[in-house]
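> Quick one, model_6.pdb (PDB, C-alpha atoms):
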ATOM      1  CA  MET A   1      -2.100  24.111  44.838
ATOM      2  CA  PRO A   2      -1.942  24.393  41.021
ATOM      3  CA  LEU A   3      -4.876  25.774  39.069
ATOM      4  CA  ALA A   4      -7.128  23.271  37.339
ATOM      5  CA  PRO A   5      -7.045  23.363  33.529
ATOM      6  CA  PRO A   6      -9.909  25.100  31.724
ATOM      7  CA  ILE A   7     -12.952  23.012  30.861
ATOM      8  CA  ASN A   8     -14.032  22.671  27.246
ATOM      9  CA  PHE A   9     -17.724  22.833  28.131
ATOM     10  CA  PRO A  10     -19.195  21.659  24.782
ATOM     11  CA  LYS A  11     -16.818  18.671  24.852
ATOM     12  CA  TRP A  12     -17.706  17.965  28.506
ATOM     13  CA  ILE A  13     -21.414  17.965  27.598
ATOM     14  CA  SER A  14     -20.908  15.583  24.661
ATOM     15  CA  GLU A  15     -18.991  13.144  26.879
ATOM     16  CA  ASN A  16     -21.018  13.473  30.099
ATOM     17  CA  SER A  17     -24.634  14.357  29.297
ATOM     18  CA  HIS A  18     -25.640  10.875  30.547
ATOM     19  CA  LEU A  19     -24.876  12.151  34.085
ATOM     20  CA  LEU A  20     -27.788  14.609  33.965
ATOM     21  CA  LYS A  21     -30.599  12.309  35.150
ATOM     22  CA  PRO A  22     -34.003  12.992  36.762
ATOM     23  CA  PRO A  23     -35.336  14.062  39.080
ATOM     24  CA  VAL A  24     -32.621  16.684  39.745
ATOM     25  CA  ASN A  25     -30.644  16.337  36.478
ATOM     26  CA  ASN A  26     -27.536  18.000  37.847
ATOM     27  CA  PHE A  27     -23.847  17.266  38.106
ATOM     28  CA  CYS A  28     -21.399  19.216  40.256
ATOM     29  CA  LEU A  29     -18.777  20.465  37.824
ATOM     30  CA  TYR A  30     -16.787  22.419  40.407
ATOM     31  CA  ASP A  31     -16.780  22.680  44.188
ATOM     32  CA  GLY A  32     -14.169  25.175  45.293
ATOM     33  CA  GLY A  33     -15.064  25.497  48.936
ATOM     34  CA  ASP A  34     -16.631  28.962  48.528
ATOM     35  CA  PHE A  35     -18.888  28.318  45.558
ATOM     36  CA  THR A  36     -20.262  25.465  43.501
ATOM     37  CA  VAL A  37     -20.846  25.233  39.742
ATOM     38  CA  MET A  38     -23.437  22.724  38.557
ATOM     39  CA  VAL A  39     -24.483  21.609  35.082
ATOM     40  CA  VAL A  40     -28.246  21.032  34.906
ATOM     41  CA  GLY A  41     -30.137  19.317  32.099
ATOM     42  CA  GLY A  42     -33.783  19.064  31.226
ATOM     43  CA  PRO A  43     -36.451  18.066  31.507
ATOM     44  CA  ASN A  44     -36.658  18.095  35.284
ATOM     45  CA  GLU A  45     -39.403  16.437  37.313
ATOM     46  CA  ARG A  46     -39.654  18.952  40.139
ATOM     47  CA  ASN A  47     -42.560  21.235  40.901
ATOM     48  CA  ASP A  48     -41.438  22.506  44.297
ATOM     49  CA  TYR A  49     -40.308  25.987  45.199
ATOM     50  CA  HIS A  50     -37.132  25.795  47.213
ATOM     51  CA  VAL A  51     -35.022  28.304  49.112
ATOM     52  CA  ASN A  52     -31.283  28.749  49.207
ATOM     53  CA  GLU A  53     -29.804  31.075  51.813
ATOM     54  CA  THR A  54     -27.419  32.589  49.250
ATOM     55  CA  GLU A  55     -27.716  33.943  45.707
ATOM     56  CA  GLU A  56     -27.921  31.613  42.711
ATOM     57  CA  TRP A  57     -26.738  32.497  39.202
ATOM     58  CA  PHE A  58     -28.549  30.794  36.289
ATOM     59  CA  TYR A  59     -27.179  30.619  32.739
ATOM     60  CA  GLN A  60     -28.671  28.776  29.768
ATOM     61  CA  HIS A  61     -26.141  27.115  27.470
ATOM     62  CA  LYS A  62     -28.708  25.265  25.339
ATOM     63  CA  GLY A  63     -32.426  25.958  25.011
ATOM     64  CA  GLY A  64     -34.555  27.929  27.433
ATOM     65  CA  MET A  65     -35.941  27.536  30.908
ATOM     66  CA  LEU A  66     -38.604  29.078  33.080
ATOM     67  CA  LEU A  67     -37.526  30.378  36.472
ATOM     68  CA  ARG A  68     -40.558  30.645  38.733
ATOM     69  CA  VAL A  69     -40.009  32.874  41.771
ATOM     70  CA  VAL A  70     -41.969  34.330  44.656
ATOM     71  CA  ASP A  71     -41.188  38.041  44.453
ATOM     72  CA  ASP A  72     -42.441  40.107  47.392
ATOM     73  CA  GLY A  73     -45.270  37.623  48.042
ATOM     74  CA  THR A  74     -46.289  37.339  44.372
ATOM     75  CA  PHE A  75     -45.669  34.511  41.919
ATOM     76  CA  ARG A  76     -43.588  35.606  38.941
ATOM     77  CA  ASP A  77     -42.297  33.688  35.902
ATOM     78  CA  ILE A  78     -38.964  34.678  34.349
ATOM     79  CA  LYS A  79     -38.080  33.223  30.947
ATOM     80  CA  LEU A  80     -34.403  32.606  30.268
ATOM     81  CA  LYS A  81     -33.373  31.953  26.678
ATOM     82  CA  ARG A  82     -30.162  31.005  24.994
ATOM     83  CA  VAL A  83     -29.082  33.602  22.430
ATOM     84  CA  LYS A  84     -26.331  33.441  19.854
ATOM     85  CA  CYS A  85     -24.624  36.746  20.574
ATOM     86  CA  PHE A  86     -23.663  38.661  23.664
ATOM     87  CA  SER A  87     -24.020  42.325  24.413
ATOM     88  CA  PHE A  88     -25.223  44.364  27.338
ATOM     89  CA  GLN A  89     -28.619  44.601  25.632
ATOM     90  CA  VAL A  90     -29.179  40.820  25.668
ATOM     91  CA  ALA A  91     -27.392  40.035  28.925
ATOM     92  CA  SER A  92     -30.644  40.016  30.884
ATOM     93  CA  ILE A  93     -31.996  37.056  28.903
ATOM     94  CA  LEU A  94     -28.756  35.093  29.066
ATOM     95  CA  PHE A  95     -28.580  34.788  32.822
ATOM     96  CA  ARG A  96     -30.429  35.632  35.989
ATOM     97  CA  ILE A  97     -29.314  36.078  39.576
ATOM     98  CA  VAL A  98     -31.799  35.044  42.237
ATOM     99  CA  ALA A  99     -31.366  36.754  45.603
ATOM    100  CA  GLY A 100     -30.774  34.615  48.668
ATOM    101  CA  ASN A 101     -33.859  33.353  50.524
ATOM    102  CA  THR A 102     -36.045  33.757  47.410
ATOM    103  CA  PRO A 103     -38.419  30.815  46.886
ATOM    104  CA  HIS A 104     -37.867  29.623  43.323
ATOM    105  CA  ASN A 105     -38.671  26.738  41.006
ATOM    106  CA  PRO A 106     -36.399  26.240  37.978
ATOM    107  CA  VAL A 107     -38.477  24.575  35.246
ATOM    108  CA  ARG A 108     -36.232  22.915  32.690
ATOM    109  CA  PHE A 109     -37.533  21.687  29.360
ATOM    110  CA  ALA A 110     -36.427  18.684  27.283
ATOM    111  CA  ASP A 111     -33.029  18.859  25.610
ATOM    112  CA  THR A 112     -31.837  21.947  27.520
ATOM    113  CA  ILE A 113     -28.620  22.535  29.422
ATOM    114  CA  GLY A 114     -27.847  25.246  31.926
ATOM    115  CA  ILE A 115     -25.253  26.194  34.483
ATOM    116  CA  VAL A 116     -26.073  27.175  38.051
ATOM    117  CA  MET A 117     -23.475  28.797  40.269
ATOM    118  CA  GLU A 118     -24.064  29.341  43.962
ATOM    119  CA  ARG A 119     -22.200  29.781  47.213
ATOM    120  CA  VAL A 120     -21.634  26.628  49.213
ATOM    121  CA  ARG A 121     -24.791  25.901  51.181
ATOM    122  CA  SER A 122     -24.912  25.278  54.882
ATOM    123  CA  VAL A 123     -28.658  24.589  54.895
ATOM    124  CA  GLY A 124     -30.971  23.954  51.967
ATOM    125  CA  THR A 125     -34.753  24.012  52.164
ATOM    126  CA  ALA A 126     -37.236  22.322  49.860
ATOM    127  CA  GLY A 127     -40.928  23.238  49.913
ATOM    128  CA  THR A 128     -43.895  23.726  47.632
ATOM    129  CA  ASP A 129     -47.204  25.547  47.288
ATOM    130  CA  VAL A 130     -50.724  24.730  46.122
ATOM    131  CA  HIS A 131     -52.556  28.054  46.405
ATOM    132  CA  SER A 132     -52.786  31.239  44.400
ATOM    133  CA  THR A 133     -50.680  32.811  47.142
ATOM    134  CA  PRO A 134     -47.432  31.214  48.373
ATOM    135  CA  THR A 135     -48.106  28.622  51.071
ATOM    136  CA  ILE A 136     -45.490  26.165  52.288
ATOM    137  CA  ILE A 137     -47.066  22.748  52.698
ATOM    138  CA  TYR A 138     -43.876  20.766  53.232
ATOM    139  CA  GLU A 139     -40.407  21.840  54.183
ATOM    140  CA  GLU A 140     -37.243  19.866  54.814
ATOM    141  CA  SER A 141     -33.907  21.404  55.790
ATOM    142  CA  PHE A 142     -30.562  19.690  55.422
ATOM    143  CA  HIS A 143     -26.844  20.430  55.504
ATOM    144  CA  CYS A 144     -25.968  20.401  51.821
ATOM    145  CA  THR A 145     -22.714  18.764  50.773
ATOM    146  CA  ASP A 146     -23.779  17.189  47.447
ATOM    147  CA  LEU A 147     -27.002  18.566  45.999
ATOM    148  CA  GLY A 148     -27.203  15.925  43.260
ATOM    149  CA  THR A 149     -27.329  13.025  45.722
ATOM    150  CA  GLN A 150     -29.002  14.681  48.702
ATOM    151  CA  LEU A 151     -31.921  16.290  46.890
ATOM    152  CA  LYS A 152     -33.003  13.206  44.924
ATOM    153  CA  PRO A 153     -34.369  11.245  47.935
ATOM    154  CA  ILE A 154     -36.215  14.342  49.191
ATOM    155  CA  ILE A 155     -37.859  14.812  45.791
ATOM    156  CA  GLN A 156     -38.711  11.110  45.560
ATOM    157  CA  LYS A 157     -40.223  11.163  49.067
ATOM    158  CA  TRP A 158     -42.328  14.194  48.037
ATOM    159  CA  MET A 159     -43.470  12.522  44.825
ATOM    160  CA  ASN A 160     -44.298   9.180  46.508
ATOM    161  CA  THR A 161     -46.013  10.449  49.695
ATOM    162  CA  PRO A 162     -49.396  12.139  49.136
ATOM    163  CA  ASP A 163     -49.671  13.090  52.829
ATOM    164  CA  LEU A 164     -46.568  15.299  52.456
ATOM    165  CA  ARG A 165     -48.246  17.095  49.549
ATOM    166  CA  LYS A 166     -51.510  17.761  51.428
ATOM    167  CA  CYS A 167     -52.175  21.347  52.513
ATOM    168  CA  LYS A 168     -52.981  21.484  56.210
ATOM    169  CA  ASP A 169     -55.228  24.526  55.696
ATOM    170  CA  CYS A 170     -57.517  23.383  52.874
ATOM    171  CA  GLY A 171     -56.774  19.672  52.299
ATOM    172  CA  THR A 172     -55.709  20.098  48.652
ATOM    173  CA  VAL A 173     -53.049  17.591  47.565
ATOM    174  CA  ALA A 174     -50.375  19.068  45.319
ATOM    175  CA  ASP A 175     -49.406  17.215  42.145
ATOM    176  CA  ALA A 176     -46.353  14.982  42.501
ATOM    177  CA  LYS A 177     -44.740  16.483  39.385
TER     178      LYS A 177
END
Represent the structure of the file as structure tokens.


Amino acid sequence: MPLAPPINFPKWISENSHLLKPPVNNFCLYDGGDFTVMVVGGPNERNDYHVNETEEWFYQHKGGMLLRVVDDGTFRDIKLKRVKCFSFQVASILFRIVAGNTPHNPVRFADTIGIVMERVRSVGTAGTDVHSTPTIIYEESFHCTDLGTQLKPIIQKWMNTPDLRKCKDCGTVADAK
């Protein structure tokens, strides 16, 4: 099978940014069987922490984002910024790798564009928390074949169903967005 031609990413963005729509705002740019490359725009409408069984690689092409993670049972916010030059000194703010099975919530702001690369998923999990310590109040697992189409109805169900957002321990209802 012949190799695909290289992608002129700035040109692709100018011609296809209309494909990055809420609530997920992503488009699968490449699915090679072993890994997937997605373009993700902002702002997103998600507030859930979700889990992927494999690592995810985040890169910001335009603007910044906030990557919220649960790190060893503690909430942690990681800011990713777009910078104009590249060196080993600034590499840590250009991209971030999230270990597999790490609950995380990518917060994307208006007029931002990023790239997420991950291994092909067999099962994806969406969940959220409402406490000062991580507590899963809703979880849904699915065999992931197209994140852009499969995740949207799960997010919409979460946003439109208050009972799904209600903590069984304390009764608090999490915000829809």

> Which residues are close to region 24-31 of chain A, i.e. within 7 Å by all atoms listed in the file, leaving aside same-chain residues fewer than 6 positions away? Reply as an MDAnalysis selection string.

chainID A and resid 37:42 44 148 152

> Please indicate the distance in Å from CA of Arg46 (chain A) to CA of Asp175 (chain A), rounded to one decimal place.

10.1 Å

> With distances taken over only C-alpha atoms, which residue among A:Asp163, A:Asp71, A:Asp111, A:Glu139 lies nearest Ala176 (chain A)?

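Selected residue with least distance to Ala176 (chain A): A:Asp163.
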
> Interatomic distance between CA of His61 (chain A) and CA of Thr74 (chain A)?

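That distance, rounded to one decimal, is 28.2 Å.
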
> Could you jot down the CA of Arg76 (chain A) to CA of Arg165 (chain A) separation for me, Å, one decimal place?

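Result for CA of Arg76 (chain A) versus CA of Arg165 (chain A): 21.8 Å, one decimal.
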
> Any idea what's packed within 9 Å of Ile78 (chain A), counting all atoms listed in the file, ignoring anything in its chain fewer than 5 positions away? Could you give it as a list of chain:residue names?

A:Met65, A:Leu66, A:Leu67, A:Arg68, A:Val69, A:Arg96

> Using only C-alpha atoms, which of A:Ile13, A:Leu80, A:Leu3, A:Val98 sits nearest Gly64 (chain A)?

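The closest residue to Gly64 (chain A) is A:Leu80.
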
> Have a look at A:Ile7, A:Val116, A:Lys62, A:Ser17 and name the one nearest to Arg82 (chain A); count all atoms listed in the file.

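Comparing A:Ile7, A:Val116, A:Lys62, A:Ser17 against Arg82 (chain A), the winner is A:Lys62.
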
> I'd like the residues picked by the PyMOL selection byres ((chain A and resi 56) around 6) written out as a CSV table (one decimal) with C-alpha atoms, in the frame of the given file, using the chain letters and numbers from the file.


chain,number,residue,atom,x,y,z
A,55,GLU,CA,-27.7,33.9,45.7
A,57,TRP,CA,-26.7,32.5,39.2
A,97,ILE,CA,-29.3,36.1,39.6
A,98,VAL,CA,-31.8,35.0,42.2
A,117,MET,CA,-23.5,28.8,40.3
A,118,GLU,CA,-24.1,29.3,44.0

> Between A:Thr112, A:Thr102, A:Thr149, A:Asn8, which has the minimum distance to Thr54 (chain A) (counting only C-alpha atoms)?

A:Thr102

> For each of A:Cys144, A:Tyr49, A:Ser14, A:Gln150, take the minimum atom-to-atom distance to Phe75 (chain A), counting all atoms listed in the file, then give the residue where this is smallest.

A:Tyr49

> Given the PyMOL selection byres ((chain A and resi 173) around 10) and the file above, list the residues it selects as an NGL selection string.

:A and (129-130 or 137 or 162-168 or 170-172 or 174-176)

> Hey, can you spit out that residue selection with C-alpha atoms as a CSV table (one decimal), keeping the file's coordinate frame?


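Result file follows (result20.csv):
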chain,number,residue,atom,x,y,z
A,129,ASP,CA,-47.2,25.5,47.3
A,130,VAL,CA,-50.7,24.7,46.1
A,137,ILE,CA,-47.1,22.7,52.7
A,162,PRO,CA,-49.4,12.1,49.1
A,163,ASP,CA,-49.7,13.1,52.8
A,164,LEU,CA,-46.6,15.3,52.5
A,165,ARG,CA,-48.2,17.1,49.5
A,166,LYS,CA,-51.5,17.8,51.4
A,167,CYS,CA,-52.2,21.3,52.5
A,168,LYS,CA,-53.0,21.5,56.2
A,170,CYS,CA,-57.5,23.4,52.9
A,171,GLY,CA,-56.8,19.7,52.3
A,172,THR,CA,-55.7,20.1,48.7
A,174,ALA,CA,-50.4,19.1,45.3
A,175,ASP,CA,-49.4,17.2,42.1
A,176,ALA,CA,-46.4,15.0,42.5

> Can you work out which one of A:Gly33, A:Pro43, A:Gly100, A:Val120 has the shortest atom-to-atom distance to Lys21 (chain A), counting all atoms listed in the file?

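Residue with the minimum atom-to-atom distance to Lys21 (chain A): A:Pro43.
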